[in-house]
>>> print(open('final.pdb').read())   # PDB, C-alpha atoms and all ligand atoms
ATOM      1  CA  MET A  20     -18.959 111.694-116.235
ATOM      2  CA  GLU A  21     -21.000 108.717-117.421
ATOM      3  CA  THR A  22     -19.664 105.310-116.538
ATOM      4  CA  SER A  23     -20.779 101.873-117.616
ATOM      5  CA  VAL A  24     -21.265 100.812-113.997
ATOM      6  CA  THR A  25     -24.972 100.612-113.214
ATOM      7  CA  GLU A  26     -26.460 100.470-109.756
ATOM      8  CA  LEU A  27     -27.569  97.172-108.330
ATOM      9  CA  SER A  28     -31.287  96.717-107.787
ATOM     10  CA  PRO A  29     -32.310  97.055-104.106
ATOM     11  CA  SER A  30     -32.404  93.302-103.310
ATOM     12  CA  ALA A  31     -29.035  92.715-104.982
ATOM     13  CA  ARG A  32     -27.648  95.718-103.099
ATOM     14  CA  ARG A  33     -28.820  94.175 -99.799
ATOM     15  CA  VAL A  34     -26.907  91.004-100.642
ATOM     16  CA  GLN A  35     -23.792  92.948-101.629
ATOM     17  CA  ASP A  36     -23.951  94.923 -98.356
ATOM     18  CA  ALA A  37     -24.325  91.717 -96.322
ATOM     19  CA  ILE A  38     -21.286  90.225 -98.101
ATOM     20  CA  ILE A  39     -19.242  93.319 -97.298
ATOM     21  CA  SER A  40     -20.455  93.343 -93.670
ATOM     22  CA  ALA A  41     -19.268  89.747 -93.349
ATOM     23  CA  GLY A  42     -15.801  90.901 -94.420
ATOM     24  CA  LEU A  43     -15.820  89.185 -97.811
ATOM     25  CA  GLU A  44     -15.035  90.635-101.210
ATOM     26  CA  CYS A  45     -17.421  88.699-103.461
ATOM     27  CA  CYS A  46     -19.040  90.906-106.103
ATOM     28  CA  VAL A  47     -22.696  90.663-107.004
ATOM     29  CA  VAL A  48     -23.263  90.750-110.749
ATOM     30  CA  GLU A  49     -26.566  91.325-112.496
ATOM     31  CA  LEU A  50     -26.600  89.439-115.764
ATOM     32  CA  PRO A  51     -28.649  90.002-118.891
ATOM     33  CA  ALA A  52     -29.691  86.340-118.821
ATOM     34  CA  SER A  53     -32.100  84.727-116.365
ATOM     35  CA  THR A  54     -30.541  82.936-113.394
ATOM     36  CA  ARG A  55     -33.940  81.971-111.991
ATOM     37  CA  THR A  56     -33.213  78.244-111.888
ATOM     38  CA  ALA A  57     -30.005  76.423-111.040
ATOM     39  CA  GLN A  58     -29.641  75.259-114.659
ATOM     40  CA  GLU A  59     -30.191  78.755-116.051
ATOM     41  CA  ALA A  60     -27.673  80.169-113.582
ATOM     42  CA  ALA A  61     -25.103  77.510-114.574
ATOM     43  CA  ASP A  62     -25.623  78.293-118.264
ATOM     44  CA  ALA A  63     -25.362  82.040-117.630
ATOM     45  CA  VAL A  64     -22.061  81.884-115.742
ATOM     46  CA  GLY A  65     -20.607  78.880-117.563
ATOM     47  CA  CYS A  66     -20.219  76.446-114.679
ATOM     48  CA  GLY A  67     -21.621  73.035-113.870
ATOM     49  CA  VAL A  68     -25.074  72.857-112.282
ATOM     50  CA  GLY A  69     -23.508  71.169-109.227
ATOM     51  CA  GLN A  70     -21.597  74.410-108.519
ATOM     52  CA  ILE A  71     -24.811  76.396-108.181
ATOM     53  CA  VAL A  72     -25.914  76.984-104.599
ATOM     54  CA  LYS A  73     -29.647  76.275-104.452
ATOM     55  CA  SER A  74     -31.108  78.332-101.624
ATOM     56  CA  LEU A  75     -34.089  76.508-100.149
ATOM     57  CA  VAL A  76     -36.334  77.440 -97.244
ATOM     58  CA  PHE A  77     -38.261  74.967 -95.110
ATOM     59  CA  ARG A  78     -40.502  75.484 -92.106
ATOM     60  CA  GLY A  79     -40.509  73.531 -88.848
ATOM     61  CA  LYS A  80     -43.954  71.974 -88.501
ATOM     62  CA  GLN A  81     -44.116  72.354 -84.715
ATOM     63  CA  SER A  82     -42.034  75.449 -84.038
ATOM     64  CA  GLY A  83     -42.874  77.299 -87.234
ATOM     65  CA  LYS A  84     -39.215  78.328 -87.459
ATOM     66  CA  GLY A  85     -37.516  78.899 -90.779
ATOM     67  CA  VAL A  86     -34.799  76.475 -91.855
ATOM     68  CA  PHE A  87     -32.400  77.391 -94.625
ATOM     69  CA  VAL A  88     -30.651  74.824 -96.817
ATOM     70  CA  ALA A  89     -27.865  75.593 -99.278
ATOM     71  CA  ALA A  90     -27.880  72.611-101.619
ATOM     72  CA  SER A  91     -25.858  71.746-104.687
ATOM     73  CA  GLY A  92     -27.836  72.518-107.832
ATOM     74  CA  ALA A  93     -27.277  68.899-108.846
ATOM     75  CA  ASN A  94     -28.989  67.489-105.755
ATOM     76  CA  ARG A  95     -32.463  66.987-104.388
ATOM     77  CA  VAL A  96     -32.732  67.576-100.663
ATOM     78  CA  ASN A  97     -33.634  64.455 -98.705
ATOM     79  CA  GLU A  98     -36.403  65.802 -96.464
ATOM     80  CA  LYS A  99     -36.282  62.761 -94.170
ATOM     81  CA  ARG A 100     -32.661  63.504 -93.368
ATOM     82  CA  LEU A 101     -33.332  67.201 -92.923
ATOM     83  CA  LYS A 102     -36.114  66.361 -90.477
ATOM     84  CA  GLU A 103     -33.627  64.379 -88.383
ATOM     85  CA  TYR A 104     -31.136  67.249 -88.301
ATOM     86  CA  VAL A 105     -33.798  69.797 -87.410
ATOM     87  CA  GLY A 106     -35.403  67.546 -84.792
ATOM     88  CA  GLU A 107     -38.984  68.046 -85.947
ATOM     89  CA  GLY A 108     -41.130  67.588 -89.014
ATOM     90  CA  ILE A 109     -40.418  70.070 -91.783
ATOM     91  CA  GLU A 110     -42.294  71.244 -94.819
ATOM     92  CA  LYS A 111     -41.275  73.211 -97.857
ATOM     93  CA  ALA A 112     -41.921  76.903 -97.286
ATOM     94  CA  THR A 113     -44.650  78.724 -99.164
ATOM     95  CA  PRO A 114     -43.519  81.596-101.392
ATOM     96  CA  GLU A 115     -44.986  83.974 -98.762
ATOM     97  CA  PHE A 116     -42.955  82.386 -95.945
ATOM     98  CA  VAL A 117     -39.818  82.561 -98.102
ATOM     99  CA  ARG A 118     -40.348  86.281 -98.628
ATOM    100  CA  GLU A 119     -41.189  86.913 -94.974
ATOM    101  CA  THR A 120     -38.055  85.211 -93.637
ATOM    102  CA  THR A 121     -35.473  86.016 -96.311
ATOM    103  CA  GLY A 122     -36.894  89.142 -97.909
ATOM    104  CA  PHE A 123     -36.373  87.556-101.335
ATOM    105  CA  ALA A 124     -38.754  86.140-103.914
ATOM    106  CA  ILE A 125     -38.288  82.568-105.144
ATOM    107  CA  GLY A 126     -35.784  82.430-107.976
ATOM    108  CA  GLY A 127     -33.560  85.023-106.331
ATOM    109  CA  VAL A 128     -33.208  83.737-102.778
ATOM    110  CA  SER A 129     -29.663  84.336-101.624
ATOM    111  CA  PRO A 130     -27.792  82.423 -98.912
ATOM    112  CA  VAL A 131     -27.003  85.789 -97.305
ATOM    113  CA  GLY A 132     -28.854  88.962 -96.324
ATOM    114  CA  HIS A 133     -31.928  87.298 -94.814
ATOM    115  CA  LEU A 134     -34.420  89.404 -92.867
ATOM    116  CA  GLN A 135     -34.573  86.841 -90.049
ATOM    117  CA  PRO A 136     -31.816  84.606 -88.739
ATOM    118  CA  LEU A 137     -32.517  81.092 -90.046
ATOM    119  CA  GLU A 138     -31.085  77.821 -88.778
ATOM    120  CA  SER A 139     -28.865  76.817 -91.705
ATOM    121  CA  TYR A 140     -27.565  73.643 -93.285
ATOM    122  CA  ILE A 141     -25.052  73.226 -96.100
ATOM    123  CA  ASP A 142     -24.995  70.261 -98.486
ATOM    124  CA  GLN A 143     -21.535  68.696 -98.042
ATOM    125  CA  ASP A 144     -21.329  68.065-101.804
ATOM    126  CA  LEU A 145     -20.830  71.826-102.274
ATOM    127  CA  LEU A 146     -17.498  71.539-100.474
ATOM    128  CA  SER A 147     -15.979  69.487-103.279
ATOM    129  CA  TYR A 148     -15.855  72.474-105.656
ATOM    130  CA  ASP A 149     -13.258  75.269-105.747
ATOM    131  CA  GLU A 150     -15.796  77.773-106.922
ATOM    132  CA  LEU A 151     -19.538  78.163-106.347
ATOM    133  CA  TRP A 152     -22.168  80.589-107.609
ATOM    134  CA  ALA A 153     -25.195  81.676-105.583
ATOM    135  CA  ALA A 154     -28.246  83.823-106.174
ATOM    136  CA  ALA A 155     -28.014  87.429-105.038
ATOM    137  CA  GLY A 156     -31.550  88.618-104.427
ATOM    138  CA  THR A 157     -33.086  88.737-107.904
ATOM    139  CA  PRO A 158     -33.662  86.225-110.726
ATOM    140  CA  ASN A 159     -30.663  87.565-112.641
ATOM    141  CA  ALA A 160     -28.196  88.431-109.891
ATOM    142  CA  VAL A 161     -25.459  86.055-108.733
ATOM    143  CA  PHE A 162     -22.115  86.098-106.991
ATOM    144  CA  ARG A 163     -19.115  83.784-107.010
ATOM    145  CA  LEU A 164     -17.910  82.387-103.716
ATOM    146  CA  SER A 165     -15.816  79.583-102.273
ATOM    147  CA  PRO A 166     -17.206  76.821-100.058
ATOM    148  CA  VAL A 167     -15.376  78.454 -97.117
ATOM    149  CA  ASP A 168     -17.130  81.758 -97.903
ATOM    150  CA  LEU A 169     -20.464  79.923 -97.908
ATOM    151  CA  THR A 170     -19.904  78.365 -94.495
ATOM    152  CA  HIS A 171     -18.779  81.750 -93.177
ATOM    153  CA  LEU A 172     -21.774  83.629 -94.623
ATOM    154  CA  THR A 173     -24.438  81.185 -93.428
ATOM    155  CA  ALA A 174     -22.832  79.774 -90.265
ATOM    156  CA  GLY A 175     -24.449  76.582 -91.538
ATOM    157  CA  HIS A 176     -23.987  73.008 -90.382
ATOM    158  CA  VAL A 177     -22.312  71.005 -93.144
ATOM    159  CA  VAL A 178     -24.336  67.824 -93.585
ATOM    160  CA  SER A 179     -25.025  64.969 -95.941
ATOM    161  CA  ILE A 180     -28.439  65.884 -97.278
ATOM    162  CA  ALA A 181     -28.757  64.712-100.883
TER     163      ALA A 181
HETATM  164  N1  LIG B   1     -31.410  81.838-108.865
HETATM  165  C1  LIG B   1     -31.338  80.404-108.856
HETATM  166  C2  LIG B   1     -29.994  79.819-108.532
HETATM  167  S1  LIG B   1     -28.604  80.900-108.534
HETATM  168  C3  LIG B   1     -32.285  79.887-107.852
HETATM  169  O1  LIG B   1     -32.816  80.613-107.029
HETATM  170  N2  LIG B   1     -32.435  78.564-107.903
HETATM  171  S2  LIG B   1     -32.933  77.737-106.657
HETATM  172  O2  LIG B   1     -32.959  76.384-107.099
HETATM  173  O3  LIG B   1     -32.162  78.049-105.514
HETATM  174  O4  LIG B   1     -34.364  78.271-106.337
HETATM  175  C4  LIG B   1     -35.445  77.760-106.849
HETATM  176  C5  LIG B   1     -35.974  76.892-105.756
HETATM  177  O5  LIG B   1     -37.090  77.515-105.181
HETATM  178  C6  LIG B   1     -36.461  75.555-106.273
HETATM  179  O6  LIG B   1     -35.463  74.581-106.225
HETATM  180  C7  LIG B   1     -37.581  75.226-105.337
HETATM  181  O7  LIG B   1     -37.178  74.390-104.300
HETATM  182  C8  LIG B   1     -37.976  76.548-104.751
HETATM  183  N3  LIG B   1     -39.323  76.839-105.221
HETATM  184  C9  LIG B   1     -39.727  77.037-106.487
HETATM  185  N4  LIG B   1     -41.047  77.248-106.553
HETATM  186  C10 LIG B   1     -41.494  77.195-105.283
HETATM  187  C11 LIG B   1     -42.758  77.354-104.674
HETATM  188  N5  LIG B   1     -43.851  77.606-105.384
HETATM  189  N6  LIG B   1     -42.847  77.245-103.347
HETATM  190  C12 LIG B   1     -41.747  77.011-102.611
HETATM  191  N7  LIG B   1     -40.532  76.853-103.122
HETATM  192  C13 LIG B   1     -40.400  76.934-104.438
END
>>> encode(input="final.pdb", output="structure tokens")
Amino acid sequence: METSVTELSPSARRVQDAIISAGLECCVVELPASTRTAQEAADAVGCGVGQIVKSLVFRGKQSGKGVFVAASGANRVNEKRLKEYVGEGIEKATPEFVRETTGFAIGGVSPVGHLQPLESYIDQDLLSYDELWAAAGTPNAVFRLSPVDLTHLTAGHVVSIA
């Protein structure tokens, strides 16, 4: 029998599987509207831009390691502060490095389901909301989560980073 449930695209499926593996019940949804930017995602789900989890990747200048930051959509990451937390100079990742480490293309980078384990930081401002929304692998896939879910999924250090 036909149902209205359509399959998730492969990247969104990878995120959904990672959520399930972590023991959480958040559901990835693929929307008709673009969720490529934090503002578009907020408009699409009807929340404030501050409740959008911006998934950013940086690269350690000396070690070359990937550093993941989950920031509030309302904030700009203070790179000087991030450098102090990481303990070395950092630079914004290239789109190629983002894909290599997370497996996602910019605009759909999720906080979960990365190809490589990344040292992770969480913007403390995200903890002031009951409900957050994060990208789920594609520029129109998102999932709703709580701040506790986010800390669980990323094992990130909660820091002041705005
Ligand atoms: N899907 C939405 C939110 S649910 C989303 O992915 N938004 S985002 O803000 O998390 O991702 C876009 C981010 O990717 C931008 O804030 C920016 O920091 C980063 N980005 C955009 N273009 C580039 C680029 N050319 N190189 C590196 N990073 C980029």
>>> resolve_selection(input="final.pdb", expression="the PyMOL selection byres (((chain A and resi 80) around 7) and not hetatm)", output="ChimeraX atom specification")
/A:78-79,81-83,107-110
>>> write_last_selection(input="final.pdb", atoms="C-alpha atoms", output="mmCIF file, in the coordinates of the input")
data_model
loop_
_atom_site.group_PDB
_atom_site.id
_atom_site.type_symbol
_atom_site.label_atom_id
_atom_site.label_comp_id
_atom_site.auth_asym_id
_atom_site.auth_seq_id
_atom_site.Cartn_x
_atom_site.Cartn_y
_atom_site.Cartn_z
ATOM 1 C CA ARG A 78 -40.502 75.484 -92.106
ATOM 2 C CA GLY A 79 -40.509 73.531 -88.848
ATOM 3 C CA GLN A 81 -44.116 72.354 -84.715
ATOM 4 C CA SER A 82 -42.034 75.449 -84.038
ATOM 5 C CA GLY A 83 -42.874 77.299 -87.234
ATOM 6 C CA GLU A 107 -38.984 68.046 -85.947
ATOM 7 C CA GLY A 108 -41.130 67.588 -89.014
ATOM 8 C CA ILE A 109 -40.418 70.070 -91.783
ATOM 9 C CA GLU A 110 -42.294 71.244 -94.819
#
>>> closest_residue(input="final.pdb", among="A:His176, A:Asp168, A:Phe123, A:Glu115", to="A:Ser139", atoms="all atoms listed in the file")
A:His176
>>> axis_aligned_box(input="final.pdb", around="ligand LIG 1 (chain B)", padding_each_side="8 Å", output="AutoDock Vina command-line options")
--center_x -36.2 --center_y 78.1 --center_z -105.7 --size_x 31.2 --size_y 23.4 --size_z 22.3
>>> residues_near_point(input="final.pdb", point="(-29.4, 85.0, -109.4)", cutoff="12 Å", atoms="only C-alpha atoms", output="JSON list (two decimals) with C-alpha atoms, keeping the file's coordinate frame")
[["chain", "number", "residue", "atom", "x", "y", "z"],
["A", 28, "SER", "CA", -31.29, 96.72, -107.79],
["A", 30, "SER", "CA", -32.40, 93.30, -103.31],
["A", 31, "ALA", "CA", -29.04, 92.72, -104.98],
["A", 34, "VAL", "CA", -26.91, 91.00, -100.64],
["A", 47, "VAL", "CA", -22.70, 90.66, -107.00],
["A", 48, "VAL", "CA", -23.26, 90.75, -110.75],
["A", 49, "GLU", "CA", -26.57, 91.32, -112.50],
["A", 50, "LEU", "CA", -26.60, 89.44, -115.76],
["A", 51, "PRO", "CA", -28.65, 90.00, -118.89],
["A", 52, "ALA", "CA", -29.69, 86.34, -118.82],
["A", 53, "SER", "CA", -32.10, 84.73, -116.36],
["A", 54, "THR", "CA", -30.54, 82.94, -113.39],
["A", 55, "ARG", "CA", -33.94, 81.97, -111.99],
["A", 56, "THR", "CA", -33.21, 78.24, -111.89],
["A", 57, "ALA", "CA", -30.00, 76.42, -111.04],
["A", 58, "GLN", "CA", -29.64, 75.26, -114.66],
["A", 59, "GLU", "CA", -30.19, 78.76, -116.05],
["A", 60, "ALA", "CA", -27.67, 80.17, -113.58],
["A", 61, "ALA", "CA", -25.10, 77.51, -114.57],
["A", 62, "ASP", "CA", -25.62, 78.29, -118.26],
["A", 63, "ALA", "CA", -25.36, 82.04, -117.63],
["A", 64, "VAL", "CA", -22.06, 81.88, -115.74],
["A", 71, "ILE", "CA", -24.81, 76.40, -108.18],
["A", 72, "VAL", "CA", -25.91, 76.98, -104.60],
["A", 73, "LYS", "CA", -29.65, 76.28, -104.45],
["A", 74, "SER", "CA", -31.11, 78.33, -101.62],
["A", 123, "PHE", "CA", -36.37, 87.56, -101.34],
["A", 124, "ALA", "CA", -38.75, 86.14, -103.91],
["A", 125, "ILE", "CA", -38.29, 82.57, -105.14],
["A", 126, "GLY", "CA", -35.78, 82.43, -107.98],
["A", 127, "GLY", "CA", -33.56, 85.02, -106.33],
["A", 128, "VAL", "CA", -33.21, 83.74, -102.78],
["A", 129, "SER", "CA", -29.66, 84.34, -101.62],
["A", 130, "PRO", "CA", -27.79, 82.42, -98.91],
["A", 152, "TRP", "CA", -22.17, 80.59, -107.61],
["A", 153, "ALA", "CA", -25.20, 81.68, -105.58],
["A", 154, "ALA", "CA", -28.25, 83.82, -106.17],
["A", 155, "ALA", "CA", -28.01, 87.43, -105.04],
["A", 156, "GLY", "CA", -31.55, 88.62, -104.43],
["A", 157, "THR", "CA", -33.09, 88.74, -107.90],
["A", 158, "PRO", "CA", -33.66, 86.22, -110.73],
["A", 159, "ASN", "CA", -30.66, 87.56, -112.64],
["A", 160, "ALA", "CA", -28.20, 88.43, -109.89],
["A", 161, "VAL", "CA", -25.46, 86.06, -108.73],
["A", 162, "PHE", "CA", -22.12, 86.10, -106.99],
["A", 163, "ARG", "CA", -19.11, 83.78, -107.01]]
>>> atom_distance(input="final.pdb", atom1="atom O3 of ligand LIG 1 (chain B)", atom2="atom CA of A:Glu103")
22.0 Å
>>> closest_residue(input="final.pdb", among="A:Lys84, A:Asp142, A:Ser147, A:Pro166", to="A:Arg100", atoms="only C-alpha atoms")
A:Asp142
>>> residues_around(input="final.pdb", residues="A:Ala181", least_positions_apart="5", cutoff="9 Å", atoms="only C-alpha atoms", output="ChimeraX atom specification")
/A:90-91,94-98,100,142-144
>>> closest_residue(input="final.pdb", among="A:Leu172, A:His133, A:Leu146, A:Glu119", to="A:Ile39", atoms="only C-alpha atoms")
A:Leu172
>>> atom_distance(input="final.pdb", atom1="atom CA of A:Cys45", atom2="atom CA of A:Thr173")
14.4 Å
>>> resolve_selection(input="final.pdb", expression="the PyMOL selection byres (((chain A and resi 112) around 6) and not hetatm)", output="PyMOL selection string")
chain A and resi 76-78+111+113+116
>>> closest_residue(input="final.pdb", among="A:Ala89, A:Leu101, A:Leu27, A:Leu134", to="A:Gly175", atoms="only C-alpha atoms")
A:Ala89
>>> atom_distance(input="final.pdb", atom1="atom CA of A:Thr120", atom2="atom CA of A:Val68")
25.9 Å
>>> closest_residue(input="final.pdb", among="A:Pro29, A:Gly106, A:Gly69, A:Pro136", to="ligand LIG 1 (chain B)", atoms="only C-alpha atoms and all ligand atoms")
A:Gly69
>>> resolve_selection(input="final.pdb", expression="the PyMOL selection byres (((chain A and resi 41) around 12) and not hetatm)", output="VMD selection string")
chain A and resid 34 to 40 42 to 45 131 to 132 168 to 174
>>> closest_residue(input="final.pdb", among="A:Gly65, A:Pro114, A:Gly122, A:Gly92", to="A:Leu145", atoms="only C-alpha atoms")
A:Gly92
